[in-house]
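upload_25.txt follows; it contains compact mmCIF, C-alpha atoms and all ligand atoms.
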```txt
# COMPACT_ATOMS: atom_id res chain seq x y z
CA MET B 1 -18.86 3.12 -10.97
CA GLU B 2 -15.76 4.69 -12.49
CA MET B 3 -16.59 7.95 -10.74
CA ASN B 4 -16.10 6.44 -7.28
CA ARG B 5 -12.56 5.43 -8.04
CA PRO B 6 -9.97 7.75 -6.45
CA ALA B 7 -7.95 9.54 -9.12
CA ARG B 8 -4.64 8.35 -7.67
CA SER B 9 -5.66 4.72 -7.83
CA GLY B 10 -3.42 2.89 -10.25
CA ALA B 11 -1.31 6.04 -10.68
CA TYR B 12 1.77 4.14 -9.46
CA GLY B 13 2.99 7.28 -7.74
CA HIS B 14 3.60 9.16 -11.00
CA ASP B 15 1.66 11.84 -12.80
CA HIS B 16 -0.35 13.06 -9.84
CA ASP B 17 -0.37 15.75 -7.17
CA HIS B 18 1.64 13.70 -4.70
CA SER B 19 1.76 16.16 -1.78
CA ALA B 20 -2.03 16.49 -1.96
CA CYS B 21 -2.31 12.71 -2.09
CA VAL B 22 -0.18 12.27 1.07
CA ALA B 23 -2.03 15.03 2.94
CA GLU B 24 -5.38 13.59 1.91
CA ALA B 25 -4.48 10.06 3.05
CA LEU B 26 -3.29 11.32 6.45
CA ALA B 27 -6.37 13.51 6.91
CA ARG B 28 -8.60 10.57 6.01
CA ALA B 29 -6.81 8.28 8.50
CA GLU B 30 -7.12 10.93 11.22
CA ALA B 31 -10.84 11.35 10.55
CA CYS B 32 -11.33 7.55 10.57
CA CYS B 33 -9.47 7.22 13.89
CA ASP B 34 -11.50 10.04 15.45
CA GLY B 35 -14.70 8.37 14.32
CA ARG B 36 -13.66 5.00 15.76
CA GLY B 37 -12.07 6.28 18.96
CA ALA B 38 -8.70 4.92 17.82
CA ARG B 39 -5.48 6.89 18.30
CA LEU B 40 -3.24 7.83 15.42
CA THR B 41 -0.16 8.33 17.61
CA PRO B 42 2.79 10.36 16.21
CA LEU B 43 4.67 7.15 15.32
CA ARG B 44 1.65 5.53 13.67
CA ARG B 45 1.14 8.73 11.70
CA ARG B 46 4.80 8.87 10.62
CA VAL B 47 4.79 5.24 9.53
CA LEU B 48 1.63 5.80 7.50
CA GLU B 49 3.13 8.97 6.01
CA GLU B 50 6.22 7.06 4.85
CA LEU B 51 4.07 4.31 3.34
CA VAL B 52 1.83 6.76 1.47
CA ASP B 53 4.83 8.83 0.45
CA SER B 54 6.60 5.89 -1.20
CA HIS B 55 3.56 4.30 -2.91
CA LEU B 56 5.72 1.16 -2.85
CA PRO B 57 5.76 -1.81 -0.50
CA LEU B 58 8.22 -1.21 2.35
CA GLY B 59 9.66 -3.64 4.87
CA ALA B 60 9.62 -2.82 8.59
CA TYR B 61 13.40 -2.28 8.72
CA GLU B 62 13.27 -0.07 5.65
CA LEU B 63 10.69 2.02 7.51
CA VAL B 64 12.94 2.24 10.57
CA GLU B 65 15.73 3.60 8.31
CA ARG B 66 13.44 6.07 6.59
CA LEU B 67 12.05 7.35 9.86
CA GLY B 68 15.62 7.88 11.09
CA ASN B 69 16.58 9.70 7.88
CA ALA B 70 13.46 11.83 7.94
CA ALA B 71 14.61 13.37 11.22
CA GLU B 72 18.05 14.36 9.85
CA GLY B 73 17.00 17.84 8.79
CA ALA B 74 15.75 18.71 12.27
CA ASP B 75 17.88 20.70 14.76
CA LYS B 76 18.10 17.72 17.03
CA PRO B 77 18.10 14.46 15.05
CA ALA B 78 15.53 12.09 16.51
CA PRO B 79 16.75 8.55 17.19
CA LYS B 80 15.50 5.79 14.93
CA PRO B 81 12.39 4.18 16.36
CA ALA B 82 12.75 0.67 17.75
CA PRO B 83 11.79 -1.97 15.17
CA MET B 84 9.31 -3.41 17.67
CA SER B 85 7.48 -0.07 17.88
CA VAL B 86 7.37 0.12 14.09
CA TYR B 87 5.93 -3.41 13.94
CA ARG B 88 3.27 -2.42 16.46
CA ALA B 89 2.44 0.73 14.48
CA LEU B 90 2.17 -1.41 11.32
CA ASP B 91 -0.14 -3.88 13.08
CA PHE B 92 -2.35 -0.97 14.02
CA LEU B 93 -2.38 0.45 10.48
CA VAL B 94 -3.20 -2.97 9.00
CA SER B 95 -5.95 -3.72 11.52
CA GLU B 96 -7.52 -0.29 10.93
CA GLY B 97 -7.40 -0.84 7.16
CA PHE B 98 -4.91 1.96 6.39
CA ALA B 99 -2.28 -0.46 5.13
CA HIS B 100 -1.97 -4.02 3.86
CA ARG B 101 0.69 -6.64 4.42
CA LEU B 102 2.17 -8.28 1.33
CA GLU B 103 3.18 -11.73 2.52
CA SER B 104 5.23 -12.58 -0.58
CA ARG B 105 7.49 -9.54 -0.02
CA ASN B 106 7.33 -9.38 3.77
CA ALA B 107 6.38 -5.73 3.26
CA TYR B 108 3.62 -3.25 3.89
CA ILE B 109 1.82 -0.86 1.59
CA ALA B 110 -0.61 1.97 2.25
CA CYS B 111 -4.19 1.14 1.32
CA GLY B 112 -5.01 3.05 -1.83
CA ARG B 113 -8.75 2.54 -1.70
CA GLU B 114 -11.64 2.75 0.67
CA HIS B 115 -13.15 -0.65 1.26
CA ALA B 116 -14.42 -2.88 4.05
CA ALA B 117 -11.71 -4.40 6.26
CA ASP B 118 -12.66 -7.95 5.24
CA ASP B 119 -12.82 -7.26 1.49
CA VAL B 120 -10.59 -9.35 -0.72
CA VAL B 121 -7.92 -7.12 -2.21
CA VAL B 122 -5.83 -7.87 -5.24
CA PHE B 123 -2.32 -6.43 -5.63
CA LEU B 124 -0.72 -6.12 -9.03
CA ILE B 125 3.02 -6.08 -8.37
CA CYS B 126 5.44 -5.04 -11.12
CA GLU B 127 8.51 -7.27 -11.12
CA THR B 128 10.54 -4.62 -12.95
CA CYS B 129 9.98 -1.37 -11.03
CA GLY B 130 8.20 -2.61 -7.91
CA ALA B 131 5.11 -0.48 -8.56
CA THR B 132 2.18 -2.02 -6.73
CA ALA B 133 -1.43 -1.24 -7.53
CA GLU B 134 -4.35 -2.23 -5.36
CA VAL B 135 -7.53 -3.26 -7.09
CA ALA B 136 -10.70 -4.53 -5.47
CA SER B 137 -13.05 -6.98 -7.07
CA HIS B 138 -16.32 -7.92 -5.46
CA ALA B 139 -16.71 -10.79 -7.92
CA VAL B 140 -13.34 -12.25 -6.89
CA GLY B 141 -14.27 -11.84 -3.23
CA ARG B 142 -17.61 -13.59 -3.73
CA ASP B 143 -16.08 -16.49 -5.64
CA LEU B 144 -13.30 -16.90 -3.08
CA ALA B 145 -15.74 -16.83 -0.17
CA TRP B 146 -17.72 -19.56 -1.92
CA ALA B 147 -14.64 -21.65 -2.71
CA THR B 148 -13.19 -21.40 0.82
CA ARG B 149 -16.57 -22.25 2.39
CA ALA B 150 -16.98 -25.23 0.08
CA ALA B 151 -13.56 -26.47 1.22
CA GLY B 152 -14.48 -25.92 4.89
CA PHE B 153 -11.53 -23.53 5.04
CA THR B 154 -11.26 -20.49 7.31
CA PRO B 155 -9.15 -17.82 5.55
CA ARG B 156 -6.77 -15.73 7.65
CA THR B 157 -5.58 -13.50 4.84
CA ARG B 158 -7.65 -11.88 2.13
CA VAL B 159 -4.89 -10.54 -0.07
CA ILE B 160 -4.12 -11.85 -3.53
CA GLU B 161 -0.76 -10.94 -5.01
CA ILE B 162 -0.22 -11.06 -8.75
CA ALA B 163 3.28 -10.53 -10.15
CA GLY B 164 3.85 -9.16 -13.65
CA ALA B 165 4.58 -5.95 -15.54
CA CYS B 166 2.94 -2.56 -14.89
CA ALA B 167 1.57 -0.56 -17.83
CA ARG B 168 4.69 1.65 -17.94
CA CYS B 169 7.17 -1.21 -17.89
CA ALA B 170 5.11 -3.21 -20.38
CA ALA B 171 5.02 -0.18 -22.70
CA ALA B 172 8.75 0.40 -22.24
CA ALA B 173 9.47 -3.23 -23.03
CA GLU B 174 7.29 -3.01 -26.11
CA THR B 175 8.97 0.20 -27.32
CA GLY B 176 12.31 -1.46 -26.72
CA GLY B 177 11.10 -4.42 -28.72
CA HIS B 178 10.00 -2.22 -31.64
CA ALA B 179 13.31 -0.36 -31.56
CA GLU B 180 15.13 -3.68 -31.72
CA ALA B 181 13.00 -4.78 -34.63
CA ALA B 182 13.57 -1.51 -36.52
CA ARG B 183 17.35 -1.91 -36.42
ZN ZN Q 201 0.88 10.09 -4.38
ZN ZN Q 202 -6.95 -1.58 0.67
ZN ZN Q 203 6.81 -1.37 -13.61
```
Encoded form (structure tokens):
Amino acid sequence: MEMNRPARSGAYGHDHDHSACVAEALARAEACCDGRGARLTPLRRRVLEELVDSHLPLGAYELVERLGNAAEGADKPAPKPAPMSVYRALDFLVSEGFAHRLESRNAYIACGREHAADDVVVFLICETCGATAEVASHAVGRDLAWATRAAGFTPRTRVIEIAGACARCAAAAETGGHAEAAR
């Protein structure tokens, strides 16, 4: 089971070959789109690239800014995309399963795992550094499906967001605590 887990999962964007991880995510999205007859247009691709590149949840307007900045190095700076176009690109990425929407933050994050579109996903969001890890749990999904059915409820979202401290921040806080105690 552990073997199927992508190496970058839970890496929080540190300690990994990031350029390979971005290239891999884009290649995977392109292959998926080809297989489904969907089109990864240049804007959709750029939005996904920014999401994968940051490994953090980004709001639509933040993406508009980043896409504008990204063009600065070019001979002719490209204009910032219209927010509406970015929203549409995000809708596409979410519906194709390349990204998820985090309701609590009004933000989007690249999907870090391969899973079915209707799987329940759990996000662990660090309140200190913003690092967000996606974990999937079939057991949680099963229990939730049972609980919602029992309540006669039709779920629209299948994303669970848990706020807390990532391993790094928890360790840093602990080290800080020990240092305090040693004084
Ligand atoms: Zn990466
Ligand atoms: Zn996902
Ligand atoms: Zn953290």
_Around ligand ZN 201 (chain Q), out to 7 Å and counting only C-alpha atoms and all ligand atoms, which residues are there? I want them as a PyMOL selection string._
chain B and resi 8+13+16-19+21-22+52-53+55
*Calculate how many Å separate CA of Arg45 in chain B from CA of Leu93 in chain B, rounding to one decimal.*
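Separation of CA of Arg45 in chain B and CA of Leu93 in chain B: 9.1 Å.
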*asked:* Residues contacting ligand ZN 203 (chain Q) - anything with an atom at most 9 Å away, using all atoms listed in the file - can you give me those as a list in words?
replied: Tyr12, Ile125, Cys126, Glu127, Thr128, Cys129, Gly130, Ala131, Thr132, Gly164, Ala165, Cys166, Ala167, Arg168, Cys169 and Ala170 of chain B
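For ligand ZN 202 (chain Q), the protein and nucleic acid residues at most 8 Å away, judged by all atoms listed in the file, amount to Gly97, Phe98, Ala99, His100, Ala110, Cys111, Gly112, Arg113, Glu114, His115, Ala117, Val121, Glu134, Val135 and Ala136 of chain B.
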*Using CA of Arg88 in chain B and CA of Ile162 in chain B as the two end points, give the distance in Å to one decimal.*
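Interatomic distance, CA of Arg88 in chain B to CA of Ile162 in chain B: 26.9 Å.
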_Let me make sure I understand: among B:Asp119, B:Glu49, B:Glu65, B:Glu174, which one has the smallest atom-to-atom distance to Leu90 in chain B if we use only C-alpha atoms?_
B:Glu49
*Using CA of Phe153 in chain B and CA of His138 in chain B as the two end points, give the distance in Å to one decimal.*
19.4 Å
*Which one of B:Arg28, B:Arg105, B:Lys80, B:Arg39 sits closest to Leu67 in chain B if you count only C-alpha atoms?*
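Of B:Arg28, B:Arg105, B:Lys80, B:Arg39, the one nearest Leu67 in chain B, counting only C-alpha atoms, is B:Lys80.
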_Counting only C-alpha atoms, which residue out of B:Ala150, B:Glu62, B:Gly141, B:Asp34 sits closest to Ala107 in chain B?_
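Using only C-alpha atoms, Ala107 in chain B sits closest to B:Glu62.
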*Would you list the residues near (2.7, -9.4, -0.9), meaning any protein, DNA or RNA residue with an atom at most 8 Å from that point in file coordinates, counting all atoms listed in the file, as a ChimeraX atom specification?*
/B:101-108,123,159-161
_With only C-alpha atoms as the counted atoms, please give the residues lying no more than 9 Å from Pro83 in chain B, apart from itself and same-chain residues fewer than 5 positions off, as JSON, numbers by chain._
{"B": [60, 61, 63, 64, 88]}
Reconstructed N, CA and C atoms for range 87-108 of chain B, given as a short mmCIF file (atom, residue, chain, number, x, y, z; two decimals), in the coordinates of the input:
```cif
data_model
loop_
_atom_site.label_atom_id
_atom_site.label_comp_id
_atom_site.auth_asym_id
_atom_site.auth_seq_id
_atom_site.Cartn_x
_atom_site.Cartn_y
_atom_site.Cartn_z
N TYR B 87 6.80 -2.25 14.19
CA TYR B 87 5.93 -3.41 13.94
C TYR B 87 4.56 -3.19 14.57
N ARG B 88 4.56 -2.64 15.78
CA ARG B 88 3.27 -2.42 16.46
C ARG B 88 2.46 -1.37 15.71
N ALA B 89 3.14 -0.32 15.25
CA ALA B 89 2.44 0.73 14.48
C ALA B 89 1.86 0.13 13.20
N LEU B 90 2.64 -0.77 12.56
CA LEU B 90 2.17 -1.41 11.32
C LEU B 90 0.95 -2.30 11.59
N ASP B 91 1.01 -3.03 12.71
CA ASP B 91 -0.14 -3.88 13.08
C ASP B 91 -1.39 -3.03 13.21
N PHE B 92 -1.22 -1.88 13.85
CA PHE B 92 -2.35 -0.97 14.02
C PHE B 92 -2.87 -0.51 12.66
N LEU B 93 -1.96 -0.07 11.79
CA LEU B 93 -2.38 0.45 10.48
C LEU B 93 -3.07 -0.62 9.65
N VAL B 94 -2.58 -1.87 9.75
CA VAL B 94 -3.20 -2.97 9.00
C VAL B 94 -4.58 -3.28 9.58
N SER B 95 -4.66 -3.34 10.92
CA SER B 95 -5.95 -3.72 11.52
C SER B 95 -7.00 -2.64 11.32
N GLU B 96 -6.56 -1.37 11.18
CA GLU B 96 -7.52 -0.29 10.93
C GLU B 96 -7.82 -0.12 9.44
N GLY B 97 -7.12 -0.90 8.61
CA GLY B 97 -7.40 -0.84 7.16
C GLY B 97 -6.68 0.28 6.43
N PHE B 98 -5.64 0.89 7.06
CA PHE B 98 -4.91 1.96 6.39
C PHE B 98 -3.74 1.41 5.57
N ALA B 99 -3.39 0.16 5.85
CA ALA B 99 -2.28 -0.46 5.13
C ALA B 99 -2.57 -1.95 4.97
N HIS B 100 -1.85 -2.58 4.05
CA HIS B 100 -1.97 -4.02 3.86
C HIS B 100 -0.60 -4.64 3.98
N ARG B 101 -0.57 -5.92 4.36
CA ARG B 101 0.69 -6.64 4.42
C ARG B 101 0.79 -7.53 3.19
N LEU B 102 1.93 -7.43 2.49
CA LEU B 102 2.17 -8.28 1.33
C LEU B 102 3.06 -9.42 1.80
N GLU B 103 2.45 -10.59 1.96
CA GLU B 103 3.18 -11.73 2.52
C GLU B 103 4.37 -12.11 1.64
N SER B 104 4.18 -12.09 0.32
CA SER B 104 5.23 -12.58 -0.58
C SER B 104 6.49 -11.70 -0.49
N ARG B 105 6.34 -10.44 -0.07
CA ARG B 105 7.49 -9.54 -0.02
C ARG B 105 7.88 -9.21 1.41
N ASN B 106 7.12 -9.72 2.38
CA ASN B 106 7.33 -9.38 3.77
C ASN B 106 7.39 -7.85 3.91
N ALA B 107 6.39 -7.20 3.31
CA ALA B 107 6.38 -5.73 3.26
C ALA B 107 4.97 -5.21 3.47
N TYR B 108 4.90 -3.90 3.63
CA TYR B 108 3.62 -3.25 3.89
C TYR B 108 3.41 -2.15 2.86
#
```
